[in-house]
Amino acid sequence: MSLAPWRSLITRALHHNRSLAYSRYVQLATIRENGFPANRTVVFRGFLEDTNELKFITDIRSAKAEQISKQPIAEVCWYFPKTREQFRITGELLLISNDSHTNLQPGRIKMWQELSDAARLQFCWPHPGKMRTTTATAFTPPAPNPIEPVENFCLLLLAPIQVDHLELRGEPQNRWVYHRNENQEWLTQAINP
C-alpha cells in the first residue's frame, strides 16, 4: 500500500509542534445510538505499520466502544498551534478487542507493551462511565502484566476516507481536501478556505 499524500503533512506538523505535549491529542467524534455526536479527546498513538490508519486505544467497556460497534464511522479534528494547521480526518473505525481480528492482535499486543505503566493501570480501574466507586483501593489496583494486554484493552484504528487540511497562516489561507476513491487512490483538490 502506498502512503497517502497527507501523511507527510501530518508528520511535518507533528515534528514542528513536538515541543507541545498536547500536539498528539485529537478530538474524536463518534455517533451515539440516538444520532447525537459524542466528542472526546484521545491520544494519537502513531500509524499502523505500512498503512494510513491512525492508532488510538480504548477500553471495551467505554461508551465509545459501544458507539463504534453500532456505527463505525468517525471524524477526528486535530489542531497544531505552532504551524496553525487543522486536519479533519473522516473515516471508518475498527475496534481490535481481545477476541476479534486475529490478524491484528500482534499490533494490539505491541501497543499495550508500548504504553506507560500508568496508562496500562487505567485499564484495571472500575468500569468507565459508571457511578463513582468509593472503595479505597479501586483506583490503586495491582499493576497488570506489561507483556499481555488485559481483556478490556482495545486498539482502535481509523481508516481515513477524507482528509481536510487547513493552513490558517497566510492571506488568503490555504485549504485542501484529500479523498480516497473507489480504487483506493487519493485525489487532492485545493478548495476555498
# chains A, B, ... in the order shown; residues from 1 in each chain; ligands from 1

$ residues_around --residues "segment 36-50 of chain A" --least-positions-apart "6" --cutoff "10 Å" --atoms "only C-alpha atoms" --output "short mmCIF file (atom, residue, chain, number, x, y, z; two decimals) with C-alpha atoms, in the first residue's frame"
data_model
loop_
_atom_site.label_atom_id
_atom_site.label_comp_id
_atom_site.auth_asym_id
_atom_site.auth_seq_id
_atom_site.Cartn_x
_atom_site.Cartn_y
_atom_site.Cartn_z
CA MET A 1 0.00 0.00 0.00
CA SER A 2 1.32 3.43 -0.86
CA LEU A 3 1.20 6.12 1.77
CA ARG A 7 0.69 11.57 5.69
CA THR A 11 4.34 14.04 10.07
CA TYR A 22 -0.70 18.13 23.60
CA SER A 23 0.07 18.13 19.87
CA ARG A 24 -0.64 14.38 19.95
CA TYR A 25 -4.19 14.98 21.27
CA VAL A 26 -7.05 14.90 18.80
CA GLN A 27 -10.79 15.26 19.20
CA LEU A 28 -12.61 12.10 18.12
CA ALA A 29 -16.31 12.36 17.30
CA THR A 30 -18.48 9.26 17.07
CA PHE A 56 -5.69 5.08 19.29
CA ILE A 57 -6.58 2.99 22.32
CA THR A 58 -9.78 2.49 24.27
CA ALA A 63 -19.39 4.26 25.74
CA LYS A 64 -17.06 4.97 22.82
CA GLN A 67 -20.94 3.57 19.81
CA ALA A 74 -15.97 8.96 12.93
CA GLU A 75 -14.10 12.17 12.41
CA VAL A 76 -11.07 13.50 14.23
CA CYS A 77 -10.17 17.15 14.41
CA TRP A 78 -6.53 17.92 15.03
CA LEU A 104 -4.31 -7.50 14.09
CA GLY A 107 -0.49 -4.77 16.76
CA MET A 111 0.53 -1.16 21.53
CA GLU A 114 4.45 0.48 24.42
CA LEU A 115 2.14 2.11 27.00
CA LEU A 155 -6.55 -0.99 19.79
CA LEU A 156 -8.66 1.44 17.77
CA LEU A 157 -7.85 2.15 14.14
CA LEU A 158 -9.20 4.96 11.98
CA ALA A 159 -9.00 4.24 8.23
#

$ closest_residue --among "A:Gly129, A:Gly170, A:Pro72, A:Pro141" --to "Leu93 of chain A" --atoms "only C-alpha atoms"
A:Pro72

$ select_by_dssp --residues "chain A" --states "strand (DSSP E)" --output "NGL selection string"
:A and (25-31 or 37-43 or 54-59 or 73-80 or 85-96 or 153-167 or 174-180 or 186-191)

$ residues_around --residues "Pro5 of chain A" --least-positions-apart "6" --cutoff "10 Å" --atoms "only C-alpha atoms" --output "list in words"
Asn52, Tyr178, Trp186, Leu187 and Thr188 of chain A

$ closest_residue --among "A:Glu92, A:Asp99, A:Glu33, A:Asp164" --to "Glu151 of chain A" --atoms "only C-alpha atoms"
A:Asp99

$ select_by_dssp --residues "segment 59-193 of chain A" --states "helix (DSSP H, G or I)" --output "list in words"
Ala63, Lys64, Ala65, Glu66, Gln67, Ile68, Ser69, Lys70, Thr102, Asn103, Leu104, Gln105, Pro106, Gly107, Arg108, Ile109, Lys110, Met111, Trp112, Gln113, Glu114, Asp117, Ala118, Ala119, Arg120, Leu121 and Gln122 of chain A

$ atom_distance --atom1 "atom CA of Ile161 of chain A" --atom2 "atom CA of Ile10 of chain A"
15.4 Å

$ residues_around --residues "Ile109 of chain A" --least-positions-apart "3" --cutoff "9 Å" --atoms "only C-alpha atoms" --output "MDAnalysis selection string"
chainID A and resid 104:106 112:114 147:149 155

$ closest_residue --among "A:Pro193, A:Pro126, A:Gly91, A:Pro144" --to "Gln162 of chain A" --atoms "only C-alpha atoms"
A:Gly91

$ closest_residue --among "A:Glu85, A:Asp117, A:Glu171, A:Glu182" --to "Arg12 of chain A" --atoms "only C-alpha atoms"
A:Glu85

$ closest_residue --among "A:Pro128, A:Ala138, A:Cys154, A:Leu20" --to "Ile68 of chain A" --atoms "only C-alpha atoms"
A:Cys154

$ atom_distance --atom1 "atom CA of His127 of chain A" --atom2 "atom CA of Ile31 of chain A"
20.8 Å

$ atom_distance --atom1 "atom CA of Thr51 of chain A" --atom2 "atom CA of Pro160 of chain A"
10.4 Å

$ closest_residue --among "A:Glu185, A:Glu66, A:Glu167, A:Glu53" --to "Arg32 of chain A" --atoms "only C-alpha atoms"
A:Glu66

$ decode --residues "segment 11-154 of chain A" --atoms "C-alpha atoms" --output "PDB file, in the first residue's frame"
ATOM      1  CA  THR A  11       4.340  14.044  10.069  1.00  0.00           C
ATOM      2  CA  ARG A  12       5.737  17.519   9.371  1.00  0.00           C
ATOM      3  CA  ALA A  13       3.140  19.177  11.633  1.00  0.00           C
ATOM      4  CA  LEU A  14       3.910  16.713  14.437  1.00  0.00           C
ATOM      5  CA  HIS A  15       7.625  17.439  14.061  1.00  0.00           C
ATOM      6  CA  HIS A  16       7.207  21.233  14.121  1.00  0.00           C
ATOM      7  CA  ASN A  17       4.849  21.003  17.131  1.00  0.00           C
ATOM      8  CA  ARG A  18       6.797  18.309  19.016  1.00  0.00           C
ATOM      9  CA  SER A  19       7.652  20.644  21.913  1.00  0.00           C
ATOM     10  CA  LEU A  20       3.920  20.821  22.724  1.00  0.00           C
ATOM     11  CA  ALA A  21       2.943  17.628  24.559  1.00  0.00           C
ATOM     12  CA  TYR A  22      -0.704  18.134  23.600  1.00  0.00           C
ATOM     13  CA  SER A  23       0.067  18.131  19.866  1.00  0.00           C
ATOM     14  CA  ARG A  24      -0.640  14.376  19.952  1.00  0.00           C
ATOM     15  CA  TYR A  25      -4.185  14.983  21.265  1.00  0.00           C
ATOM     16  CA  VAL A  26      -7.047  14.902  18.797  1.00  0.00           C
ATOM     17  CA  GLN A  27     -10.785  15.265  19.199  1.00  0.00           C
ATOM     18  CA  LEU A  28     -12.609  12.100  18.124  1.00  0.00           C
ATOM     19  CA  ALA A  29     -16.311  12.357  17.304  1.00  0.00           C
ATOM     20  CA  THR A  30     -18.475   9.263  17.074  1.00  0.00           C
ATOM     21  CA  ILE A  31     -22.252   8.887  16.842  1.00  0.00           C
ATOM     22  CA  ARG A  32     -24.465   7.910  19.747  1.00  0.00           C
ATOM     23  CA  GLU A  33     -27.343   5.498  19.271  1.00  0.00           C
ATOM     24  CA  ASN A  34     -29.786   8.447  19.377  1.00  0.00           C
ATOM     25  CA  GLY A  35     -27.962  10.095  16.447  1.00  0.00           C
ATOM     26  CA  PHE A  36     -26.265  12.791  18.513  1.00  0.00           C
ATOM     27  CA  PRO A  37     -22.495  13.249  18.261  1.00  0.00           C
ATOM     28  CA  ALA A  38     -20.163  12.198  21.063  1.00  0.00           C
ATOM     29  CA  ASN A  39     -16.846  14.022  21.117  1.00  0.00           C
ATOM     30  CA  ARG A  40     -13.801  13.395  23.293  1.00  0.00           C
ATOM     31  CA  THR A  41     -10.047  13.917  23.334  1.00  0.00           C
ATOM     32  CA  VAL A  42      -7.856  10.899  22.578  1.00  0.00           C
ATOM     33  CA  VAL A  43      -4.119  10.431  22.160  1.00  0.00           C
ATOM     34  CA  PHE A  44      -2.731   9.737  18.683  1.00  0.00           C
ATOM     35  CA  ARG A  45      -0.518   6.648  19.011  1.00  0.00           C
ATOM     36  CA  GLY A  46       1.032   6.686  15.538  1.00  0.00           C
ATOM     37  CA  PHE A  47       0.137   4.968  12.295  1.00  0.00           C
ATOM     38  CA  LEU A  48      -0.364   1.242  11.921  1.00  0.00           C
ATOM     39  CA  GLU A  49       2.772  -0.047  10.251  1.00  0.00           C
ATOM     40  CA  ASP A  50       2.810   0.383   6.439  1.00  0.00           C
ATOM     41  CA  THR A  51      -0.725   1.820   6.372  1.00  0.00           C
ATOM     42  CA  ASN A  52      -2.533   5.151   6.511  1.00  0.00           C
ATOM     43  CA  GLU A  53      -4.538   4.029   9.557  1.00  0.00           C
ATOM     44  CA  LEU A  54      -4.299   6.139  12.718  1.00  0.00           C
ATOM     45  CA  LYS A  55      -3.905   4.300  16.031  1.00  0.00           C
ATOM     46  CA  PHE A  56      -5.688   5.077  19.286  1.00  0.00           C
ATOM     47  CA  ILE A  57      -6.578   2.993  22.321  1.00  0.00           C
ATOM     48  CA  THR A  58      -9.780   2.492  24.274  1.00  0.00           C
ATOM     49  CA  ASP A  59     -11.486   0.346  26.856  1.00  0.00           C
ATOM     50  CA  ILE A  60     -14.062  -2.139  25.513  1.00  0.00           C
ATOM     51  CA  ARG A  61     -16.268  -1.155  28.490  1.00  0.00           C
ATOM     52  CA  SER A  62     -16.446   2.509  27.385  1.00  0.00           C
ATOM     53  CA  ALA A  63     -19.388   4.260  25.736  1.00  0.00           C
ATOM     54  CA  LYS A  64     -17.060   4.972  22.820  1.00  0.00           C
ATOM     55  CA  ALA A  65     -16.592   1.256  22.134  1.00  0.00           C
ATOM     56  CA  GLU A  66     -20.345   0.717  22.280  1.00  0.00           C
ATOM     57  CA  GLN A  67     -20.940   3.570  19.815  1.00  0.00           C
ATOM     58  CA  ILE A  68     -18.308   2.224  17.442  1.00  0.00           C
ATOM     59  CA  SER A  69     -19.827  -1.262  17.500  1.00  0.00           C
ATOM     60  CA  LYS A  70     -23.128   0.207  16.269  1.00  0.00           C
ATOM     61  CA  GLN A  71     -21.845   2.964  13.958  1.00  0.00           C
ATOM     62  CA  PRO A  72     -18.163   2.552  13.000  1.00  0.00           C
ATOM     63  CA  ILE A  73     -17.675   5.964  11.388  1.00  0.00           C
ATOM     64  CA  ALA A  74     -15.968   8.960  12.934  1.00  0.00           C
ATOM     65  CA  GLU A  75     -14.098  12.168  12.407  1.00  0.00           C
ATOM     66  CA  VAL A  76     -11.072  13.499  14.226  1.00  0.00           C
ATOM     67  CA  CYS A  77     -10.167  17.152  14.415  1.00  0.00           C
ATOM     68  CA  TRP A  78      -6.527  17.920  15.034  1.00  0.00           C
ATOM     69  CA  TYR A  79      -5.118  21.404  15.553  1.00  0.00           C
ATOM     70  CA  PHE A  80      -1.416  22.253  15.579  1.00  0.00           C
ATOM     71  CA  PRO A  81      -0.884  25.658  17.227  1.00  0.00           C
ATOM     72  CA  LYS A  82       2.715  26.362  16.181  1.00  0.00           C
ATOM     73  CA  THR A  83       2.098  25.769  12.482  1.00  0.00           C
ATOM     74  CA  ARG A  84      -1.540  26.948  12.674  1.00  0.00           C
ATOM     75  CA  GLU A  85      -2.863  23.908  10.821  1.00  0.00           C
ATOM     76  CA  GLN A  86      -6.047  21.932  11.224  1.00  0.00           C
ATOM     77  CA  PHE A  87      -6.676  18.415   9.949  1.00  0.00           C
ATOM     78  CA  ARG A  88     -10.182  16.957   9.902  1.00  0.00           C
ATOM     79  CA  ILE A  89      -9.962  13.252   9.156  1.00  0.00           C
ATOM     80  CA  THR A  90     -13.127  11.326   8.340  1.00  0.00           C
ATOM     81  CA  GLY A  91     -13.090   7.568   8.191  1.00  0.00           C
ATOM     82  CA  GLU A  92     -14.105   4.151   9.358  1.00  0.00           C
ATOM     83  CA  LEU A  93     -13.193   2.825  12.787  1.00  0.00           C
ATOM     84  CA  LEU A  94     -12.041  -0.683  13.566  1.00  0.00           C
ATOM     85  CA  LEU A  95     -12.020  -1.851  17.170  1.00  0.00           C
ATOM     86  CA  ILE A  96      -9.479  -4.610  17.828  1.00  0.00           C
ATOM     87  CA  SER A  97     -10.578  -6.285  21.040  1.00  0.00           C
ATOM     88  CA  ASN A  98      -9.277  -9.325  22.870  1.00  0.00           C
ATOM     89  CA  ASP A  99     -11.364 -11.710  20.762  1.00  0.00           C
ATOM     90  CA  SER A 100     -11.549 -10.037  17.357  1.00  0.00           C
ATOM     91  CA  HIS A 101      -9.399  -9.523  14.264  1.00  0.00           C
ATOM     92  CA  THR A 102      -6.854 -12.260  14.845  1.00  0.00           C
ATOM     93  CA  ASN A 103      -4.578 -10.815  12.166  1.00  0.00           C
ATOM     94  CA  LEU A 104      -4.308  -7.504  14.086  1.00  0.00           C
ATOM     95  CA  GLN A 105      -3.666  -8.998  17.547  1.00  0.00           C
ATOM     96  CA  PRO A 106       0.122  -8.521  17.229  1.00  0.00           C
ATOM     97  CA  GLY A 107      -0.493  -4.770  16.759  1.00  0.00           C
ATOM     98  CA  ARG A 108      -2.810  -4.703  19.789  1.00  0.00           C
ATOM     99  CA  ILE A 109      -0.228  -6.512  21.930  1.00  0.00           C
ATOM    100  CA  LYS A 110       2.600  -4.248  20.733  1.00  0.00           C
ATOM    101  CA  MET A 111       0.527  -1.156  21.529  1.00  0.00           C
ATOM    102  CA  TRP A 112      -0.098  -2.459  25.072  1.00  0.00           C
ATOM    103  CA  GLN A 113       3.612  -3.075  25.565  1.00  0.00           C
ATOM    104  CA  GLU A 114       4.447   0.484  24.422  1.00  0.00           C
ATOM    105  CA  LEU A 115       2.140   2.107  26.998  1.00  0.00           C
ATOM    106  CA  SER A 116       3.440   3.612  30.206  1.00  0.00           C
ATOM    107  CA  ASP A 117       2.749   1.744  33.451  1.00  0.00           C
ATOM    108  CA  ALA A 118       0.276   4.489  34.432  1.00  0.00           C
ATOM    109  CA  ALA A 119      -1.636   4.180  31.150  1.00  0.00           C
ATOM    110  CA  ARG A 120      -1.851   0.387  31.486  1.00  0.00           C
ATOM    111  CA  LEU A 121      -3.062   0.699  35.075  1.00  0.00           C
ATOM    112  CA  GLN A 122      -6.118   2.739  33.981  1.00  0.00           C
ATOM    113  CA  PHE A 123      -7.457  -0.343  32.214  1.00  0.00           C
ATOM    114  CA  CYS A 124      -7.647  -2.041  35.627  1.00  0.00           C
ATOM    115  CA  TRP A 125      -9.769   0.710  37.143  1.00  0.00           C
ATOM    116  CA  PRO A 126     -13.513   0.250  37.695  1.00  0.00           C
ATOM    117  CA  HIS A 127     -15.935   0.322  34.754  1.00  0.00           C
ATOM    118  CA  PRO A 128     -15.650   3.730  32.979  1.00  0.00           C
ATOM    119  CA  GLY A 129     -18.791   5.859  32.968  1.00  0.00           C
ATOM    120  CA  LYS A 130     -20.464   4.048  35.867  1.00  0.00           C
ATOM    121  CA  MET A 131     -21.240   5.575  39.264  1.00  0.00           C
ATOM    122  CA  ARG A 132     -18.047   6.579  41.075  1.00  0.00           C
ATOM    123  CA  THR A 133     -16.568   3.718  43.084  1.00  0.00           C
ATOM    124  CA  THR A 134     -15.811   4.622  46.682  1.00  0.00           C
ATOM    125  CA  THR A 135     -13.723   1.569  47.530  1.00  0.00           C
ATOM    126  CA  ALA A 136     -10.377   2.841  48.814  1.00  0.00           C
ATOM    127  CA  THR A 137      -8.263   0.581  46.571  1.00  0.00           C
ATOM    128  CA  ALA A 138     -10.401   0.742  43.402  1.00  0.00           C
ATOM    129  CA  PHE A 139      -8.011   3.140  41.672  1.00  0.00           C
ATOM    130  CA  THR A 140      -4.819   1.582  43.002  1.00  0.00           C
ATOM    131  CA  PRO A 141      -5.059  -1.985  41.691  1.00  0.00           C
ATOM    132  CA  PRO A 142      -2.046  -4.246  41.258  1.00  0.00           C
ATOM    133  CA  ALA A 143      -0.019  -3.474  38.134  1.00  0.00           C
ATOM    134  CA  PRO A 144      -1.144  -5.505  35.132  1.00  0.00           C
ATOM    135  CA  ASN A 145       1.158  -7.725  33.108  1.00  0.00           C
ATOM    136  CA  PRO A 146       3.196  -5.363  30.862  1.00  0.00           C
ATOM    137  CA  ILE A 147       3.506  -8.057  28.154  1.00  0.00           C
ATOM    138  CA  GLU A 148      -0.044  -9.426  27.824  1.00  0.00           C
ATOM    139  CA  PRO A 149      -2.914  -6.925  27.487  1.00  0.00           C
ATOM    140  CA  VAL A 150      -5.820  -7.067  29.877  1.00  0.00           C
ATOM    141  CA  GLU A 151      -9.031  -8.346  28.310  1.00  0.00           C
ATOM    142  CA  ASN A 152     -10.766  -4.953  28.066  1.00  0.00           C
ATOM    143  CA  PHE A 153      -7.858  -3.207  26.285  1.00  0.00           C
ATOM    144  CA  CYS A 154      -8.564  -2.383  22.634  1.00  0.00           C
TER     145      CYS A 154
END
